[in-house]
>>> print(open('coords32.cif').read())   # mmCIF, C-alpha atoms
data_entry
loop_
_atom_site.group_PDB
_atom_site.id
_atom_site.type_symbol
_atom_site.label_atom_id
_atom_site.label_comp_id
_atom_site.auth_asym_id
_atom_site.auth_seq_id
_atom_site.Cartn_x
_atom_site.Cartn_y
_atom_site.Cartn_z
ATOM 1 C CA MET I 185 -7.923 -33.592 -1.323
ATOM 2 C CA LYS I 186 -9.657 -30.771 -3.115
ATOM 3 C CA LYS I 187 -7.731 -29.256 -5.993
ATOM 4 C CA ILE I 188 -8.182 -25.664 -7.031
ATOM 5 C CA TYR I 189 -6.385 -24.073 -9.972
ATOM 6 C CA ILE I 190 -3.951 -21.436 -8.870
ATOM 7 C CA VAL I 191 -2.264 -18.608 -10.697
ATOM 8 C CA PHE I 192 1.136 -17.097 -10.466
ATOM 9 C CA LEU I 193 1.113 -14.022 -8.304
ATOM 10 C CA LEU I 194 3.500 -11.158 -7.803
ATOM 11 C CA SER I 195 3.512 -7.394 -7.418
ATOM 12 C CA MET I 196 7.105 -6.113 -7.121
ATOM 13 C CA PHE I 197 9.409 -4.801 -9.825
ATOM 14 C CA ILE I 198 6.917 -4.521 -12.664
ATOM 15 C CA ASN I 199 8.652 -4.728 -16.025
ATOM 16 C CA SER I 200 5.672 -5.130 -18.353
ATOM 17 C CA GLU I 201 1.928 -5.629 -18.254
ATOM 18 C CA GLU I 202 1.249 -8.369 -20.771
ATOM 19 C CA GLU I 203 -2.353 -9.299 -21.535
ATOM 20 C CA ASN I 204 -3.578 -12.541 -19.981
ATOM 21 C CA SER I 205 -3.238 -15.679 -22.051
ATOM 22 C CA ALA I 206 -6.027 -18.255 -22.157
ATOM 23 C CA GLN I 207 -4.104 -20.355 -19.606
ATOM 24 C CA CYS I 208 -3.667 -17.447 -17.183
ATOM 25 C CA ASN I 209 -7.302 -16.369 -17.560
ATOM 26 C CA LEU I 210 -8.330 -19.848 -16.429
ATOM 27 C CA TYR I 211 -6.167 -19.579 -13.316
ATOM 28 C CA THR I 212 -7.102 -16.021 -12.411
ATOM 29 C CA ASP I 213 -10.837 -16.666 -12.836
ATOM 30 C CA ASN I 214 -10.915 -19.921 -10.866
ATOM 31 C CA VAL I 215 -8.598 -19.126 -7.967
ATOM 32 C CA MET I 216 -7.834 -15.456 -7.664
ATOM 33 C CA GLY I 217 -11.443 -14.335 -7.506
ATOM 34 C CA GLY I 218 -11.499 -12.346 -10.715
ATOM 35 C CA LYS I 219 -9.489 -11.196 -13.660
ATOM 36 C CA SER I 220 -5.897 -10.220 -13.030
ATOM 37 C CA THR I 221 -3.287 -9.063 -15.501
ATOM 38 C CA LEU I 222 -0.303 -11.291 -16.077
ATOM 39 C CA LYS I 223 2.878 -9.467 -15.128
ATOM 40 C CA ILE I 224 6.520 -10.061 -15.913
ATOM 41 C CA TYR I 225 8.978 -8.814 -13.288
ATOM 42 C CA THR I 226 12.712 -8.424 -13.726
ATOM 43 C CA ASP I 227 15.650 -6.802 -11.985
ATOM 44 C CA ASP I 228 15.702 -3.860 -14.438
ATOM 45 C CA VAL I 229 14.323 -1.424 -11.834
ATOM 46 C CA MET I 230 17.570 -1.980 -9.917
ATOM 47 C CA GLY I 231 19.673 -1.555 -13.052
ATOM 48 C CA GLY I 232 19.818 -5.288 -13.767
ATOM 49 C CA LYS I 233 19.939 -6.734 -17.269
ATOM 50 C CA SER I 234 17.784 -9.887 -16.903
ATOM 51 C CA ASN I 235 14.830 -10.429 -19.257
ATOM 52 C CA LEU I 236 11.750 -12.650 -19.476
ATOM 53 C CA GLU I 237 8.911 -13.320 -21.927
ATOM 54 C CA GLU I 238 5.783 -15.422 -21.470
ATOM 55 C CA ASN I 239 4.261 -17.447 -24.307
ATOM 56 C CA SER I 240 1.128 -19.510 -23.742
ATOM 57 C CA THR I 241 -0.770 -21.938 -25.891
ATOM 58 C CA SER I 242 -4.490 -22.270 -26.412
ATOM 59 C CA SER I 243 -4.208 -25.775 -27.880
ATOM 60 C CA SER I 244 -5.475 -28.961 -26.234
ATOM 61 C CA ASP I 245 -2.160 -29.165 -24.325
ATOM 62 C CA GLU I 246 -2.243 -25.719 -22.729
ATOM 63 C CA TYR I 247 0.903 -24.533 -21.008
ATOM 64 C CA ILE I 248 2.783 -21.379 -20.118
ATOM 65 C CA HIS I 249 6.296 -21.051 -21.518
ATOM 66 C CA LEU I 250 8.770 -18.680 -19.851
ATOM 67 C CA ILE I 251 11.800 -17.703 -21.959
ATOM 68 C CA GLY I 252 14.589 -15.325 -21.016
ATOM 69 C CA GLU I 253 17.860 -14.886 -19.230
ATOM 70 C CA VAL I 254 18.895 -14.256 -15.648
ATOM 71 C CA THR I 255 22.132 -12.317 -15.328
ATOM 72 C CA THR I 256 23.878 -10.940 -12.281
ATOM 73 C CA LYS I 257 25.448 -8.162 -14.373
ATOM 74 C CA ASN I 258 24.902 -4.680 -13.004
ATOM 75 C CA ASN I 259 23.591 -5.968 -9.625
ATOM 76 C CA GLY I 260 20.816 -8.017 -11.245
ATOM 77 C CA GLY I 261 19.807 -11.612 -10.828
ATOM 78 C CA PHE I 262 16.072 -12.370 -11.055
ATOM 79 C CA VAL I 263 13.032 -12.795 -13.282
ATOM 80 C CA ARG I 264 9.500 -13.677 -12.130
ATOM 81 C CA MET I 265 6.008 -14.024 -13.575
ATOM 82 C CA GLY I 266 2.743 -13.539 -11.759
ATOM 83 C CA CYS I 267 -0.701 -12.059 -11.193
ATOM 84 C CA GLN I 268 -1.929 -10.186 -8.119
ATOM 85 C CA SER I 269 -4.329 -12.064 -5.836
ATOM 86 C CA GLN I 270 -7.987 -10.996 -5.841
ATOM 87 C CA LYS I 271 -9.065 -13.104 -2.839
ATOM 88 C CA GLU I 272 -7.723 -14.813 0.257
ATOM 89 C CA LEU I 273 -6.528 -18.393 -0.185
ATOM 90 C CA SER I 274 -8.214 -21.144 1.801
ATOM 91 C CA LYS I 275 -6.886 -21.836 5.298
ATOM 92 C CA SER I 276 -6.875 -25.529 4.365
ATOM 93 C CA ALA I 277 -4.322 -25.046 1.555
ATOM 94 C CA LYS I 278 -1.348 -27.363 2.055
ATOM 95 C CA GLY I 279 0.763 -26.848 -1.044
ATOM 96 C CA LEU I 280 1.079 -26.637 -4.812
ATOM 97 C CA LYS I 281 0.875 -29.271 -7.492
ATOM 98 C CA PHE I 282 2.005 -28.558 -11.057
ATOM 99 C CA MET I 283 3.607 -30.020 -14.158
ATOM 100 C CA ALA I 284 6.890 -28.564 -15.433
ATOM 101 C CA LYS I 285 9.675 -29.223 -17.908
ATOM 102 C CA GLY I 286 12.568 -27.169 -19.210
ATOM 103 C CA ASN I 287 16.267 -26.836 -19.716
ATOM 104 C CA ASN I 288 17.736 -28.860 -16.823
ATOM 105 C CA GLU I 289 17.910 -25.836 -14.516
ATOM 106 C CA ALA I 290 16.725 -25.104 -10.987
ATOM 107 C CA TYR I 291 13.875 -22.605 -10.599
ATOM 108 C CA GLU I 292 12.064 -21.297 -7.526
ATOM 109 C CA ILE I 293 8.563 -20.667 -6.297
ATOM 110 C CA HIS I 294 8.320 -17.429 -4.291
ATOM 111 C CA ILE I 295 5.496 -16.663 -1.874
ATOM 112 C CA THR I 296 5.086 -13.093 -0.665
ATOM 113 C CA LEU I 297 2.881 -12.301 2.329
ATOM 114 C CA SER I 298 0.564 -9.344 2.743
ATOM 115 C CA GLY I 299 1.519 -6.630 5.200
ATOM 116 C CA MET I 300 4.838 -5.125 6.225
ATOM 117 C CA LYS I 301 8.104 -6.863 5.310
ATOM 118 C CA LEU I 302 11.797 -6.134 5.960
ATOM 119 C CA PRO I 303 13.277 -5.659 3.432
ATOM 120 C CA PRO I 304 10.174 -4.870 1.304
ATOM 121 C CA TRP I 305 11.071 -7.616 -1.192
ATOM 122 C CA SER I 306 11.081 -10.370 1.474
ATOM 123 C CA PHE I 307 9.518 -13.686 0.482
ATOM 124 C CA PHE I 308 9.486 -17.415 1.166
ATOM 125 C CA ARG I 309 11.031 -19.734 -1.423
ATOM 126 C CA LYS I 310 11.329 -23.335 -2.534
ATOM 127 C CA GLU I 311 13.565 -24.614 -5.325
ATOM 128 C CA PHE I 312 12.586 -27.226 -7.912
ATOM 129 C CA LYS I 313 14.669 -28.675 -10.750
ATOM 130 C CA VAL I 314 13.299 -29.474 -14.196
ATOM 131 C CA ASN I 315 14.514 -31.672 -17.031
ATOM 132 C CA GLU I 316 13.400 -32.021 -20.650
ATOM 133 C CA GLU I 317 10.401 -34.277 -19.823
ATOM 134 C CA TRP I 318 7.148 -33.240 -18.118
ATOM 135 C CA GLN I 319 7.358 -33.948 -14.370
ATOM 136 C CA GLU I 320 4.709 -33.596 -11.704
ATOM 137 C CA PHE I 321 5.731 -31.620 -8.623
ATOM 138 C CA PHE I 322 4.056 -31.617 -5.185
ATOM 139 C CA ILE I 323 5.478 -28.854 -3.014
ATOM 140 C CA GLU I 324 4.151 -28.425 0.504
ATOM 141 C CA PHE I 325 4.037 -24.967 2.046
ATOM 142 C CA ASN I 326 5.906 -26.177 5.148
ATOM 143 C CA ASP I 327 8.942 -26.863 2.887
ATOM 144 C CA PHE I 328 9.443 -23.165 2.048
ATOM 145 C CA GLU I 329 12.426 -21.216 3.438
ATOM 146 C CA LYS I 330 12.255 -17.611 4.629
ATOM 147 C CA TYR I 331 14.153 -14.864 2.797
ATOM 148 C CA GLY I 332 13.873 -11.653 4.830
ATOM 149 C CA TYR I 333 11.263 -10.940 7.506
ATOM 150 C CA SER I 334 7.496 -10.519 7.427
ATOM 151 C CA PHE I 335 5.289 -9.353 10.294
ATOM 152 C CA LYS I 336 2.525 -11.785 9.259
ATOM 153 C CA SER I 337 2.768 -15.524 9.840
ATOM 154 C CA PHE I 338 3.325 -17.944 6.958
ATOM 155 C CA LYS I 339 -0.289 -19.098 6.530
ATOM 156 C CA PRO I 340 -2.207 -19.413 3.224
ATOM 157 C CA GLN I 341 -4.724 -16.742 4.226
ATOM 158 C CA ASN I 342 -1.787 -14.280 4.453
ATOM 159 C CA PHE I 343 -0.357 -15.133 1.019
ATOM 160 C CA ARG I 344 -0.433 -12.147 -1.312
ATOM 161 C CA GLU I 345 1.547 -13.628 -4.173
ATOM 162 C CA ILE I 346 2.843 -16.924 -5.512
ATOM 163 C CA ALA I 347 5.354 -16.673 -8.351
ATOM 164 C CA PHE I 348 7.618 -18.823 -10.496
ATOM 165 C CA ALA I 349 11.122 -17.370 -10.658
ATOM 166 C CA GLY I 350 14.615 -17.637 -12.033
ATOM 167 C CA TYR I 351 16.877 -16.347 -9.291
ATOM 168 C CA GLY I 352 20.393 -15.650 -8.091
ATOM 169 C CA ARG I 353 22.764 -16.855 -10.814
ATOM 170 C CA ASP I 354 23.505 -16.467 -14.531
ATOM 171 C CA PHE I 355 21.442 -18.844 -16.702
ATOM 172 C CA LYS I 356 19.013 -19.115 -19.632
ATOM 173 C CA VAL I 357 15.339 -19.427 -18.665
ATOM 174 C CA ASP I 358 13.326 -21.998 -20.616
ATOM 175 C CA LEU I 359 10.500 -23.223 -18.380
ATOM 176 C CA PHE I 360 7.158 -24.814 -19.331
ATOM 177 C CA LEU I 361 4.353 -24.940 -16.725
ATOM 178 C CA LYS I 362 0.849 -26.415 -16.738
ATOM 179 C CA ASP I 363 -1.878 -27.915 -14.516
ATOM 180 C CA ILE I 364 -1.017 -25.654 -11.570
ATOM 181 C CA GLU I 365 -3.243 -26.416 -8.598
ATOM 182 C CA LEU I 366 -3.608 -25.473 -4.978
ATOM 183 C CA ILE I 367 -3.842 -28.604 -2.836
ATOM 184 C CA THR I 368 -6.201 -28.475 0.140
ATOM 185 C CA ASP I 369 -7.494 -30.968 2.736
ATOM 186 C CA LYS I 370 -11.158 -30.431 1.903
#
>>> encode(input="coords32.cif", output="structure tokens")
Amino acid sequence: MKKIYIVFLLSMFINSEEENSAQCNLYTDNVMGGKSTLKIYTDDVMGGKSNLEENSTSSSDEYIHLIGEVTTKNNGGFVRMGCQSQKELSKSAKGLKFMAKGNNEAYEIHITLSGMKLPPWSFFRKEFKVNEEWQEFFIEFNDFEKYGYSFKSFKPQNFREIAFAGYGRDFKVDLFLKDIELITDK
């Protein structure tokens, strides 16, 4: 299987426009077809009170560290981190592989498709649970569940965004990510 580095993608609910870290530059250059700006997205545009920060290392053990809080106060309940796609993903993409550790919480991967969606924030999602030790995750695209409706079919060439998220309940975010790859047949 061919492995291609992949970046976190997202375009809704922009909270800040942080500069790319060394880790995110690697992903955006190798997979997304050019430089993208790392974005942090929270529920604050809806009046929510959730928050998120990204800290990355440039040491020999590069990783991205997401720190924050998800709160459902004031109709909130999500945080996400991503970069906008600069190219179409391969039709042979089958899933994601990555390393993660954190604070014994469940997180989600969200995939948003290009084109019209109802409601506009519709996405596909898959949950994964981390503990305090690095774990390797293999998540196949056919394991994702639909949230909302999209006019395009759930195929890699229609993916606009792939994001890591804290979603739907009150909890502290403390998530480390590294070695994120797109898994393909070729």
>>> residues_around(input="coords32.cif", residues="Lys336 of chain I", least_positions_apart="2", cutoff="8 Å", atoms="all atoms listed in the file", output="list in words")
Leu297, Ser298, Gly299, Met300, Ser334, Phe338 and Asn342 of chain I
>>> closest_residue(input="coords32.cif", among="I:Trp318, I:Phe343, I:Tyr225, I:Phe328", to="Gly266 of chain I", atoms="all atoms listed in the file")
I:Tyr225
>>> resolve_selection(input="coords32.cif", expression="the PyMOL selection byres ((chain I and resi 321) around 7)", output="MDAnalysis selection string")
chainID I and resid 281:283 319:320 322:323
>>> write_last_selection(input="coords32.cif", atoms="C-alpha atoms", output="compact mmCIF listing (two decimals), in the coordinates of the input")
# COMPACT_ATOMS: atom_id res chain seq x y z
CA LYS I 281 0.88 -29.27 -7.49
CA PHE I 282 2.00 -28.56 -11.06
CA MET I 283 3.61 -30.02 -14.16
CA GLN I 319 7.36 -33.95 -14.37
CA GLU I 320 4.71 -33.60 -11.70
CA PHE I 322 4.06 -31.62 -5.18
CA ILE I 323 5.48 -28.85 -3.01
>>> resolve_selection(input="coords32.cif", expression="the PyMOL selection byres ((chain I and resi 301) around 12)", output="short mmCIF file (atom, residue, chain, number, x, y, z; two decimals) with C-alpha atoms, in the coordinates of the input")
data_model
loop_
_atom_site.label_atom_id
_atom_site.label_comp_id
_atom_site.auth_asym_id
_atom_site.auth_seq_id
_atom_site.Cartn_x
_atom_site.Cartn_y
_atom_site.Cartn_z
CA THR I 296 5.09 -13.09 -0.66
CA LEU I 297 2.88 -12.30 2.33
CA SER I 298 0.56 -9.34 2.74
CA GLY I 299 1.52 -6.63 5.20
CA MET I 300 4.84 -5.12 6.22
CA LEU I 302 11.80 -6.13 5.96
CA PRO I 303 13.28 -5.66 3.43
CA PRO I 304 10.17 -4.87 1.30
CA TRP I 305 11.07 -7.62 -1.19
CA SER I 306 11.08 -10.37 1.47
CA PHE I 307 9.52 -13.69 0.48
CA PHE I 308 9.49 -17.42 1.17
CA LYS I 330 12.26 -17.61 4.63
CA TYR I 331 14.15 -14.86 2.80
CA GLY I 332 13.87 -11.65 4.83
CA TYR I 333 11.26 -10.94 7.51
CA SER I 334 7.50 -10.52 7.43
CA PHE I 335 5.29 -9.35 10.29
CA LYS I 336 2.52 -11.78 9.26
CA SER I 337 2.77 -15.52 9.84
#
>>> atom_distance(input="coords32.cif", atom1="atom CA of Ile367 of chain I", atom2="atom CA of Lys223 of chain I")
23.7 Å
>>> resolve_selection(input="coords32.cif", expression="the PyMOL selection byres ((chain I and resi 286) around 7)", output="list in words")
Ala284, Lys285, Asn287, Asn288, Val314, Asn315, Glu316, Asp358, Leu359 and Phe360 of chain I
>>> residues_around(input="coords32.cif", residues="Ile248 of chain I", least_positions_apart="4", cutoff="8 Å", atoms="all atoms listed in the file", output="tab-separated table (two decimals) with C-alpha atoms, in the coordinates of the input")
chain	number	residue	atom	x	y	z
I	207	GLN	CA	-4.10	-20.36	-19.61
I	238	GLU	CA	5.78	-15.42	-21.47
I	239	ASN	CA	4.26	-17.45	-24.31
I	240	SER	CA	1.13	-19.51	-23.74
I	241	THR	CA	-0.77	-21.94	-25.89
I	360	PHE	CA	7.16	-24.81	-19.33
I	361	LEU	CA	4.35	-24.94	-16.73
I	362	LYS	CA	0.85	-26.42	-16.74
>>> atom_distance(input="coords32.cif", atom1="atom CA of Tyr291 of chain I", atom2="atom CA of Lys278 of chain I")
20.4 Å
>>> residues_around(input="coords32.cif", residues="Arg353 of chain I", least_positions_apart="3", cutoff="7 Å", atoms="all atoms listed in the file", output="list in words")
Val254, Thr255, Thr256 and Gly261 of chain I
>>> axis_aligned_box(input="coords32.cif", around="segment 352-368 of chain I", padding_each_side="6 Å", output="lines of an AutoDock Vina configuration file")
center_x = 8.7
center_y = -22.1
center_z = -10.2
size_x = 41.7
size_y = 25.0
size_z = 32.8
>>> closest_residue(input="coords32.cif", among="I:His294, I:Lys275, I:Lys257, I:Arg344", to="Asp369 of chain I", atoms="only C-alpha atoms")
I:Lys275
>>> atom_distance(input="coords32.cif", atom1="atom CA of Gly252 of chain I", atom2="atom CA of Met265 of chain I")
11.4 Å
>>> residues_near_point(input="coords32.cif", point="(7.5, -13.7, -10.5)", cutoff="7 Å", atoms="all atoms listed in the file", output="ChimeraX atom specification")
/I:193-194,224-225,263-266,347-349
>>> residues_around(input="coords32.cif", residues="Pro340 of chain I", least_positions_apart="5", cutoff="10 Å", atoms="all atoms listed in the file", output="list in words")
Glu272, Leu273, Ser274, Lys275, Ser276, Ala277, Lys278, Gly279, Ile295, Leu297 and Phe325 of chain I
>>> decode(input="coords32.cif", residues="segment 270-347 of chain I", atoms="C-alpha atoms", output="PDB file, in the first residue's frame")
ATOM      1  CA  GLN I 270      -5.247  22.294  -2.538  1.00  0.00           C
ATOM      2  CA  LYS I 271      -5.753  19.186  -4.706  1.00  0.00           C
ATOM      3  CA  GLU I 272      -8.054  16.225  -5.204  1.00  0.00           C
ATOM      4  CA  LEU I 273      -7.232  13.104  -3.197  1.00  0.00           C
ATOM      5  CA  SER I 274      -6.435   9.895  -5.048  1.00  0.00           C
ATOM      6  CA  LYS I 275      -9.363   7.680  -6.040  1.00  0.00           C
ATOM      7  CA  SER I 276      -7.401   4.751  -4.595  1.00  0.00           C
ATOM      8  CA  ALA I 277      -7.391   6.208  -1.056  1.00  0.00           C
ATOM      9  CA  LYS I 278      -8.820   3.695   1.414  1.00  0.00           C
ATOM     10  CA  GLY I 279      -8.342   5.336   4.791  1.00  0.00           C
ATOM     11  CA  LEU I 280      -6.134   7.117   7.300  1.00  0.00           C
ATOM     12  CA  LYS I 281      -3.264   5.907   9.412  1.00  0.00           C
ATOM     13  CA  PHE I 282      -1.907   7.997  12.292  1.00  0.00           C
ATOM     14  CA  MET I 283      -0.370   7.894  15.748  1.00  0.00           C
ATOM     15  CA  ALA I 284      -2.211   9.517  18.664  1.00  0.00           C
ATOM     16  CA  LYS I 285      -2.156   9.785  22.438  1.00  0.00           C
ATOM     17  CA  GLY I 286      -3.941  11.987  24.937  1.00  0.00           C
ATOM     18  CA  ASN I 287      -6.151  12.241  27.954  1.00  0.00           C
ATOM     19  CA  ASN I 288      -8.284   9.073  27.751  1.00  0.00           C
ATOM     20  CA  GLU I 289     -11.031  10.796  25.755  1.00  0.00           C
ATOM     21  CA  ALA I 290     -12.857  10.029  22.520  1.00  0.00           C
ATOM     22  CA  TYR I 291     -12.163  12.316  19.553  1.00  0.00           C
ATOM     23  CA  GLU I 292     -13.488  12.307  15.992  1.00  0.00           C
ATOM     24  CA  ILE I 293     -12.239  12.598  12.453  1.00  0.00           C
ATOM     25  CA  HIS I 294     -14.592  14.673  10.279  1.00  0.00           C
ATOM     26  CA  ILE I 295     -14.622  14.529   6.487  1.00  0.00           C
ATOM     27  CA  THR I 296     -16.461  17.256   4.601  1.00  0.00           C
ATOM     28  CA  LEU I 297     -17.287  16.844   0.913  1.00  0.00           C
ATOM     29  CA  SER I 298     -17.127  19.495  -1.776  1.00  0.00           C
ATOM     30  CA  GLY I 299     -20.371  20.820  -3.203  1.00  0.00           C
ATOM     31  CA  MET I 300     -23.772  21.499  -1.688  1.00  0.00           C
ATOM     32  CA  LYS I 301     -24.669  20.093   1.738  1.00  0.00           C
ATOM     33  CA  LEU I 302     -27.783  20.208   3.947  1.00  0.00           C
ATOM     34  CA  PRO I 303     -27.255  21.613   6.507  1.00  0.00           C
ATOM     35  CA  PRO I 304     -24.105  23.457   5.299  1.00  0.00           C
ATOM     36  CA  TRP I 305     -22.036  21.988   8.152  1.00  0.00           C
ATOM     37  CA  SER I 306     -22.797  18.364   7.160  1.00  0.00           C
ATOM     38  CA  PHE I 307     -19.903  15.914   7.368  1.00  0.00           C
ATOM     39  CA  PHE I 308     -18.969  12.264   7.793  1.00  0.00           C
ATOM     40  CA  ARG I 309     -17.419  11.175  11.091  1.00  0.00           C
ATOM     41  CA  LYS I 310     -15.561   8.386  12.840  1.00  0.00           C
ATOM     42  CA  GLU I 311     -14.711   8.270  16.540  1.00  0.00           C
ATOM     43  CA  PHE I 312     -11.403   7.095  18.006  1.00  0.00           C
ATOM     44  CA  LYS I 313     -10.360   6.857  21.659  1.00  0.00           C
ATOM     45  CA  VAL I 314      -6.891   7.711  22.937  1.00  0.00           C
ATOM     46  CA  ASN I 315      -5.007   6.859  26.110  1.00  0.00           C
ATOM     47  CA  GLU I 316      -1.757   8.174  27.582  1.00  0.00           C
ATOM     48  CA  GLU I 317       0.486   6.002  25.343  1.00  0.00           C
ATOM     49  CA  TRP I 318       1.108   6.437  21.603  1.00  0.00           C
ATOM     50  CA  GLN I 319      -1.248   4.179  19.618  1.00  0.00           C
ATOM     51  CA  GLU I 320      -1.405   3.543  15.900  1.00  0.00           C
ATOM     52  CA  PHE I 321      -4.835   3.930  14.310  1.00  0.00           C
ATOM     53  CA  PHE I 322      -6.013   2.579  10.932  1.00  0.00           C
ATOM     54  CA  ILE I 323      -9.391   4.037  10.020  1.00  0.00           C
ATOM     55  CA  GLU I 324     -11.005   3.010   6.755  1.00  0.00           C
ATOM     56  CA  PHE I 325     -13.217   5.473   4.912  1.00  0.00           C
ATOM     57  CA  ASN I 326     -16.048   2.921   4.691  1.00  0.00           C
ATOM     58  CA  ASP I 327     -16.290   3.056   8.529  1.00  0.00           C
ATOM     59  CA  PHE I 328     -17.418   6.711   8.559  1.00  0.00           C
ATOM     60  CA  GLU I 329     -21.004   7.658   9.493  1.00  0.00           C
ATOM     61  CA  LYS I 330     -22.999  10.407   7.790  1.00  0.00           C
ATOM     62  CA  TYR I 331     -24.038  13.531   9.705  1.00  0.00           C
ATOM     63  CA  GLY I 332     -26.374  15.572   7.493  1.00  0.00           C
ATOM     64  CA  TYR I 333     -26.696  15.255   3.714  1.00  0.00           C
ATOM     65  CA  SER I 334     -24.332  15.936   0.830  1.00  0.00           C
ATOM     66  CA  PHE I 335     -25.209  15.916  -2.867  1.00  0.00           C
ATOM     67  CA  LYS I 336     -21.825  14.365  -3.744  1.00  0.00           C
ATOM     68  CA  SER I 337     -20.998  10.731  -3.046  1.00  0.00           C
ATOM     69  CA  PHE I 338     -18.571   9.746  -0.287  1.00  0.00           C
ATOM     70  CA  LYS I 339     -15.500   9.148  -2.474  1.00  0.00           C
ATOM     71  CA  PRO I 340     -11.942  10.416  -1.807  1.00  0.00           C
ATOM     72  CA  GLN I 341     -11.935  12.573  -4.942  1.00  0.00           C
ATOM     73  CA  ASN I 342     -14.910  14.484  -3.445  1.00  0.00           C
ATOM     74  CA  PHE I 343     -13.263  15.085  -0.056  1.00  0.00           C
ATOM     75  CA  ARG I 344     -12.766  18.779   0.626  1.00  0.00           C
ATOM     76  CA  GLU I 345     -11.628  18.529   4.223  1.00  0.00           C
ATOM     77  CA  ILE I 346     -10.384  16.041   6.792  1.00  0.00           C
ATOM     78  CA  ALA I 347     -10.243  17.305  10.372  1.00  0.00           C
TER      79      ALA I 347
END
